[in-house]
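Encoded as C-alpha coordinates, the structure appears first; notes follow it.
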Amino acid sequence: MLHPPPVRPTFEMTLTEPPERAMAMVEEALGEDTRHPHQVRGPHVVLTVPPEDRHFWSPWLTMEVSPAATGSVLHGRFSPKPAVWTGFMFGYITLTTAGSFGLMFAVSLAIIGKSVWIAAVCSIVFFLAAAGMYVASQVGQRLARAQMQELHAMVSEIFAAVRSD
(Lines give C-alpha, C1' and ligand atoms only; values in the text may rest on other atoms or scores of the structure.)
Protein backbone atom coordinates (compact mmCIF):
# COMPACT_ATOMS: atom_id res chain seq x y z
CA MET A 1 0.00 0.00 0.00
CA LEU A 2 1.29 3.45 -0.92
CA HIS A 3 1.68 5.82 2.05
CA PRO A 4 2.07 9.57 1.68
CA PRO A 5 5.32 11.09 2.96
CA PRO A 6 5.14 11.84 6.69
CA VAL A 7 4.78 15.34 8.03
CA ARG A 8 7.58 14.55 10.51
CA PRO A 9 10.13 12.03 9.16
CA THR A 10 11.37 9.43 11.63
CA PHE A 11 14.15 6.87 11.85
CA GLU A 12 15.32 4.15 14.22
CA MET A 13 18.75 2.75 15.01
CA THR A 14 19.23 -0.53 16.82
CA LEU A 15 22.25 -0.26 19.12
CA THR A 16 24.26 -2.95 20.86
CA GLU A 17 24.86 -0.73 23.89
CA PRO A 18 22.39 -0.42 26.80
CA PRO A 19 20.44 2.88 26.98
CA GLU A 20 22.63 4.38 29.71
CA ARG A 21 25.81 3.82 27.71
CA ALA A 22 24.17 5.05 24.49
CA MET A 23 23.13 8.28 26.24
CA ALA A 24 26.65 8.69 27.64
CA MET A 25 27.98 8.40 24.09
CA VAL A 26 25.56 11.09 22.90
CA GLU A 27 26.43 13.42 25.77
CA GLU A 28 30.15 12.94 25.19
CA ALA A 29 29.93 13.53 21.43
CA LEU A 30 27.59 16.51 21.66
CA GLY A 31 29.54 17.97 24.56
CA GLU A 32 32.52 18.29 22.23
CA ASP A 33 30.38 19.91 19.51
CA THR A 34 30.11 23.64 20.23
CA ARG A 35 28.49 24.40 16.87
CA HIS A 36 25.14 22.55 17.08
CA PRO A 37 22.76 23.62 19.89
CA HIS A 38 21.44 20.63 21.81
CA GLN A 39 19.75 19.58 25.04
CA VAL A 40 20.07 16.25 26.80
CA ARG A 41 17.54 15.33 29.49
CA GLY A 42 17.54 11.73 30.65
CA PRO A 43 16.87 9.50 27.63
CA HIS A 44 15.76 12.50 25.50
CA VAL A 45 17.94 14.57 23.18
CA VAL A 46 17.08 17.61 21.06
CA LEU A 47 19.58 18.65 18.38
CA THR A 48 19.33 21.44 15.83
CA VAL A 49 21.40 23.28 13.27
CA PRO A 50 23.66 26.21 14.20
CA PRO A 51 21.87 29.56 14.67
CA GLU A 52 23.71 31.15 11.74
CA ASP A 53 22.39 28.41 9.39
CA ARG A 54 18.86 28.33 10.80
CA HIS A 55 15.79 29.22 8.73
CA PHE A 56 12.06 29.02 9.30
CA TRP A 57 12.09 25.49 7.83
CA SER A 58 15.23 24.26 9.63
CA PRO A 59 14.82 20.91 11.35
CA TRP A 60 14.96 20.02 15.00
CA LEU A 61 15.90 16.42 15.67
CA THR A 62 14.27 14.91 18.75
CA MET A 63 15.68 11.56 19.85
CA GLU A 64 14.88 9.08 22.56
CA VAL A 65 16.81 5.99 23.58
CA SER A 66 14.76 3.06 24.89
CA PRO A 67 15.80 -0.41 26.07
CA ALA A 68 15.63 -3.36 23.69
CA ALA A 69 16.29 -7.08 24.00
CA THR A 70 19.87 -6.81 22.73
CA GLY A 71 20.85 -3.29 23.78
CA SER A 72 18.76 -0.27 22.93
CA VAL A 73 16.87 1.49 20.18
CA LEU A 74 17.31 5.12 19.23
CA HIS A 75 14.11 6.72 17.92
CA GLY A 76 14.64 9.96 16.00
CA ARG A 77 12.06 12.37 14.64
CA PHE A 78 12.60 15.49 12.57
CA SER A 79 10.23 18.41 12.98
CA PRO A 80 10.32 22.17 12.63
CA LYS A 81 11.00 24.46 15.59
CA PRO A 82 8.52 23.57 18.38
CA ALA A 83 6.67 26.90 18.06
CA VAL A 84 6.31 26.40 14.30
CA TRP A 85 5.11 22.81 14.80
CA THR A 86 2.54 23.93 17.38
CA GLY A 87 1.23 26.61 15.02
CA PHE A 88 1.12 24.13 12.14
CA MET A 89 -0.85 21.57 14.13
CA PHE A 90 -3.23 24.22 15.50
CA GLY A 91 -3.95 25.41 11.96
CA TYR A 92 -4.26 21.88 10.59
CA ILE A 93 -6.66 20.78 13.35
CA THR A 94 -8.68 23.98 13.04
CA LEU A 95 -9.06 23.63 9.27
CA THR A 96 -10.00 19.94 9.34
CA THR A 97 -12.46 20.52 12.20
CA ALA A 98 -14.06 23.46 10.36
CA GLY A 99 -14.22 21.36 7.17
CA SER A 100 -15.88 18.50 9.05
CA PHE A 101 -18.44 20.80 10.65
CA GLY A 102 -19.13 22.39 7.25
CA LEU A 103 -19.66 18.94 5.79
CA MET A 104 -22.02 17.96 8.62
CA PHE A 105 -23.91 21.25 8.16
CA ALA A 106 -24.23 20.56 4.42
CA VAL A 107 -25.60 17.06 5.12
CA SER A 108 -28.05 18.51 7.67
CA LEU A 109 -29.25 21.06 5.12
CA ALA A 110 -29.66 18.31 2.50
CA ILE A 111 -31.74 16.24 4.92
CA ILE A 112 -34.18 19.10 5.49
CA GLY A 113 -34.32 19.92 1.80
CA LYS A 114 -32.38 23.21 1.81
CA SER A 115 -29.61 24.37 -0.51
CA VAL A 116 -26.24 22.91 0.50
CA TRP A 117 -23.88 24.64 -1.91
CA ILE A 118 -22.56 27.36 0.47
CA ALA A 119 -21.83 24.89 3.28
CA ALA A 120 -20.33 22.39 0.84
CA VAL A 121 -18.09 25.02 -0.79
CA CYS A 122 -16.89 26.25 2.63
CA SER A 123 -16.17 22.68 3.67
CA ILE A 124 -14.18 22.03 0.51
CA VAL A 125 -12.23 25.27 0.96
CA PHE A 126 -11.26 24.27 4.53
CA PHE A 127 -10.19 20.79 3.42
CA LEU A 128 -8.19 22.23 0.51
CA ALA A 129 -6.45 24.66 2.88
CA ALA A 130 -5.54 21.74 5.16
CA ALA A 131 -4.20 19.85 2.13
CA GLY A 132 -2.22 22.98 1.24
CA MET A 133 -0.65 22.92 4.70
CA TYR A 134 0.41 19.31 4.11
CA VAL A 135 1.98 20.31 0.79
CA ALA A 136 3.74 23.20 2.55
CA SER A 137 5.19 20.72 5.06
CA GLN A 138 6.61 18.66 2.19
CA VAL A 139 8.13 21.78 0.61
CA GLY A 140 9.70 22.65 3.97
CA GLN A 141 11.19 19.17 4.20
CA ARG A 142 12.71 19.53 0.74
CA LEU A 143 14.22 22.89 1.72
CA ALA A 144 15.60 21.35 4.92
CA ARG A 145 16.82 18.09 3.35
CA ALA A 146 20.54 18.98 3.52
CA GLN A 147 20.25 20.03 7.17
CA MET A 148 18.29 16.87 8.02
CA GLN A 149 20.98 14.77 6.34
CA GLU A 150 23.67 16.64 8.29
CA LEU A 151 21.97 15.95 11.64
CA HIS A 152 21.30 12.31 10.72
CA ALA A 153 24.95 11.87 9.67
CA MET A 154 26.10 13.30 13.02
CA VAL A 155 23.97 10.78 14.91
CA SER A 156 25.06 7.92 12.63
CA GLU A 157 28.68 8.85 13.23
CA ILE A 158 28.22 8.83 17.01
CA PHE A 159 26.80 5.31 16.91
CA ALA A 160 28.78 3.90 13.95
CA ALA A 161 30.66 1.42 16.12
CA VAL A 162 27.66 0.14 18.09
CA ARG A 163 24.92 -0.14 15.47
CA SER A 164 23.46 -3.52 14.74
CA ASP A 165 21.10 -2.58 11.90
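Simple scheme: letters A, B, ... for chains in C-alpha coordinates order, numbers from 1 for residues in each chain, numbers from 1 for ligands in the order shown.
Secondary structure from DSSP on the backbone puts strand (DSSP E) at the following positions of stretch 42-139 of chain A: His44, Val45, Val46, Leu47, Thr48, Trp60, Leu61, Thr62, Met63, Glu64, Val65, Ser66, Pro67, Ala68, Gly71, Ser72, Val73, Leu74, His75, Gly76, Arg77, Phe78 and Ser79 of chain A.
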For the selection just defined, write its residues with N, CA and C atoms to a file, as a PDB file, in the first residue's frame.
ATOM      1  N   HIS A  44      16.232  11.634  26.593  1.00  0.00           N
ATOM      2  CA  HIS A  44      15.763  12.501  25.502  1.00  0.00           C
ATOM      3  C   HIS A  44      16.867  13.463  25.065  1.00  0.00           C
ATOM      4  N   VAL A  45      16.950  13.661  23.758  1.00  0.00           N
ATOM      5  CA  VAL A  45      17.940  14.570  23.179  1.00  0.00           C
ATOM      6  C   VAL A  45      17.245  15.421  22.115  1.00  0.00           C
ATOM      7  N   VAL A  46      17.554  16.709  22.112  1.00  0.00           N
ATOM      8  CA  VAL A  46      17.080  17.605  21.059  1.00  0.00           C
ATOM      9  C   VAL A  46      18.315  18.233  20.434  1.00  0.00           C
ATOM     10  N   LEU A  47      18.410  18.158  19.115  1.00  0.00           N
ATOM     11  CA  LEU A  47      19.577  18.648  18.382  1.00  0.00           C
ATOM     12  C   LEU A  47      19.078  19.471  17.198  1.00  0.00           C
ATOM     13  N   THR A  48      19.730  20.609  16.966  1.00  0.00           N
ATOM     14  CA  THR A  48      19.330  21.435  15.832  1.00  0.00           C
ATOM     15  C   THR A  48      20.559  22.008  15.136  1.00  0.00           C
ATOM     16  N   TRP A  60      14.557  20.350  13.641  1.00  0.00           N
ATOM     17  CA  TRP A  60      14.962  20.024  15.000  1.00  0.00           C
ATOM     18  C   TRP A  60      14.844  18.512  15.083  1.00  0.00           C
ATOM     19  N   LEU A  61      15.891  17.872  15.543  1.00  0.00           N
ATOM     20  CA  LEU A  61      15.895  16.415  15.673  1.00  0.00           C
ATOM     21  C   LEU A  61      15.677  16.062  17.139  1.00  0.00           C
ATOM     22  N   THR A  62      14.580  15.382  17.394  1.00  0.00           N
ATOM     23  CA  THR A  62      14.266  14.915  18.746  1.00  0.00           C
ATOM     24  C   THR A  62      14.529  13.417  18.774  1.00  0.00           C
ATOM     25  N   MET A  63      15.331  12.983  19.762  1.00  0.00           N
ATOM     26  CA  MET A  63      15.684  11.562  19.848  1.00  0.00           C
ATOM     27  C   MET A  63      15.386  11.040  21.244  1.00  0.00           C
ATOM     28  N   GLU A  64      15.108   9.760  21.289  1.00  0.00           N
ATOM     29  CA  GLU A  64      14.878   9.083  22.560  1.00  0.00           C
ATOM     30  C   GLU A  64      15.508   7.700  22.470  1.00  0.00           C
ATOM     31  N   VAL A  65      16.196   7.311  23.526  1.00  0.00           N
ATOM     32  CA  VAL A  65      16.806   5.985  23.582  1.00  0.00           C
ATOM     33  C   VAL A  65      15.973   5.137  24.537  1.00  0.00           C
ATOM     34  N   SER A  66      15.552   3.969  24.062  1.00  0.00           N
ATOM     35  CA  SER A  66      14.760   3.065  24.885  1.00  0.00           C
ATOM     36  C   SER A  66      15.415   1.686  24.907  1.00  0.00           C
ATOM     37  N   PRO A  67      15.196   0.923  25.986  1.00  0.00           N
ATOM     38  CA  PRO A  67      15.803  -0.410  26.069  1.00  0.00           C
ATOM     39  C   PRO A  67      15.214  -1.365  25.036  1.00  0.00           C
ATOM     40  N   ALA A  68      16.054  -2.305  24.613  1.00  0.00           N
ATOM     41  CA  ALA A  68      15.634  -3.357  23.687  1.00  0.00           C
ATOM     42  C   ALA A  68      16.236  -4.672  24.177  1.00  0.00           C
ATOM     43  N   GLY A  71      20.180  -4.584  23.629  1.00  0.00           N
ATOM     44  CA  GLY A  71      20.853  -3.294  23.780  1.00  0.00           C
ATOM     45  C   GLY A  71      19.842  -2.184  23.925  1.00  0.00           C
ATOM     46  N   SER A  72      19.717  -1.365  22.888  1.00  0.00           N
ATOM     47  CA  SER A  72      18.760  -0.265  22.931  1.00  0.00           C
ATOM     48  C   SER A  72      18.367   0.144  21.520  1.00  0.00           C
ATOM     49  N   VAL A  73      17.346   0.963  21.452  1.00  0.00           N
ATOM     50  CA  VAL A  73      16.869   1.487  20.175  1.00  0.00           C
ATOM     51  C   VAL A  73      16.805   3.006  20.290  1.00  0.00           C
ATOM     52  N   LEU A  74      17.372   3.674  19.306  1.00  0.00           N
ATOM     53  CA  LEU A  74      17.307   5.123  19.230  1.00  0.00           C
ATOM     54  C   LEU A  74      16.183   5.485  18.265  1.00  0.00           C
ATOM     55  N   HIS A  75      15.212   6.231  18.748  1.00  0.00           N
ATOM     56  CA  HIS A  75      14.105   6.715  17.916  1.00  0.00           C
ATOM     57  C   HIS A  75      14.370   8.190  17.636  1.00  0.00           C
ATOM     58  N   GLY A  76      14.416   8.569  16.365  1.00  0.00           N
ATOM     59  CA  GLY A  76      14.638   9.960  16.000  1.00  0.00           C
ATOM     60  C   GLY A  76      13.489  10.485  15.164  1.00  0.00           C
ATOM     61  N   ARG A  77      13.138  11.748  15.401  1.00  0.00           N
ATOM     62  CA  ARG A  77      12.057  12.366  14.643  1.00  0.00           C
ATOM     63  C   ARG A  77      12.442  13.803  14.312  1.00  0.00           C
ATOM     64  N   PHE A  78      12.346  14.134  13.032  1.00  0.00           N
ATOM     65  CA  PHE A  78      12.604  15.493  12.574  1.00  0.00           C
ATOM     66  C   PHE A  78      11.296  16.281  12.599  1.00  0.00           C
ATOM     67  N   SER A  79      11.389  17.515  13.021  1.00  0.00           N
ATOM     68  CA  SER A  79      10.235  18.407  12.983  1.00  0.00           C
ATOM     69  C   SER A  79      10.749  19.839  12.900  1.00  0.00           C
TER      70      SER A  79
END
How close does each residue of stretch 83-106 of chain A get to stretch 133-148 of chain A, giving the shortest atom pair and distance in Å to one decimal for every residue with an atom at most 12 Å away, counting only C-alpha atoms, sorted by chain and residue number, as a tab-separated table?
residue	atom	partner	partner_atom	distance
A:Val84	CA	A:Ser137	CA	10.9
A:Trp85	CA	A:Ser137	CA	10.0
A:Gly87	CA	A:Met133	CA	11.1
A:Phe88	CA	A:Met133	CA	7.7
A:Met89	CA	A:Met133	CA	9.5
A:Phe90	CA	A:Met133	CA	11.2
A:Gly91	CA	A:Met133	CA	8.4
A:Tyr92	CA	A:Met133	CA	7.0
A:Ile93	CA	A:Met133	CA	10.7
A:Thr94	CA	A:Met133	CA	11.6
A:Leu95	CA	A:Met133	CA	9.6
A:Thr96	CA	A:Met133	CA	10.9
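For the choices A:Glu12, A:Lys114, A:Asp53, A:Ser108, the atom-to-atom distance to A:Arg35 is smallest for A:Asp53 when using only C-alpha atoms.
If you count only C-alpha atoms and ignore residues fewer than 3 places along the chain from A:Ala160, what sits within 12 Å of it is A:Met13, A:Thr14, A:Leu15, A:Thr16, A:Glu17, A:Ala22, A:Met25, A:Val26, A:His152, A:Ala153, A:Met154, A:Val155, A:Ser156, A:Glu157, A:Arg163, A:Ser164, A:Asp165.
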Legend entry - Residue set, chain A restricted to alpha helix (DSSP H), as a PyMOL selection string: chain A and resi 19-32+82-111+117-143+145-158
Legend entry - Å distance separating atom CA of A:Thr86 from atom CA of A:Cys122, one decimal place: 24.5 Å
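As for atom CA of A:Gly99 and atom CA of A:Phe126, they are spaced 4.9 Å apart.
Taking atom CA of A:Leu151 as the reference point, atom CA of A:Pro59 is found at 8.7 Å.
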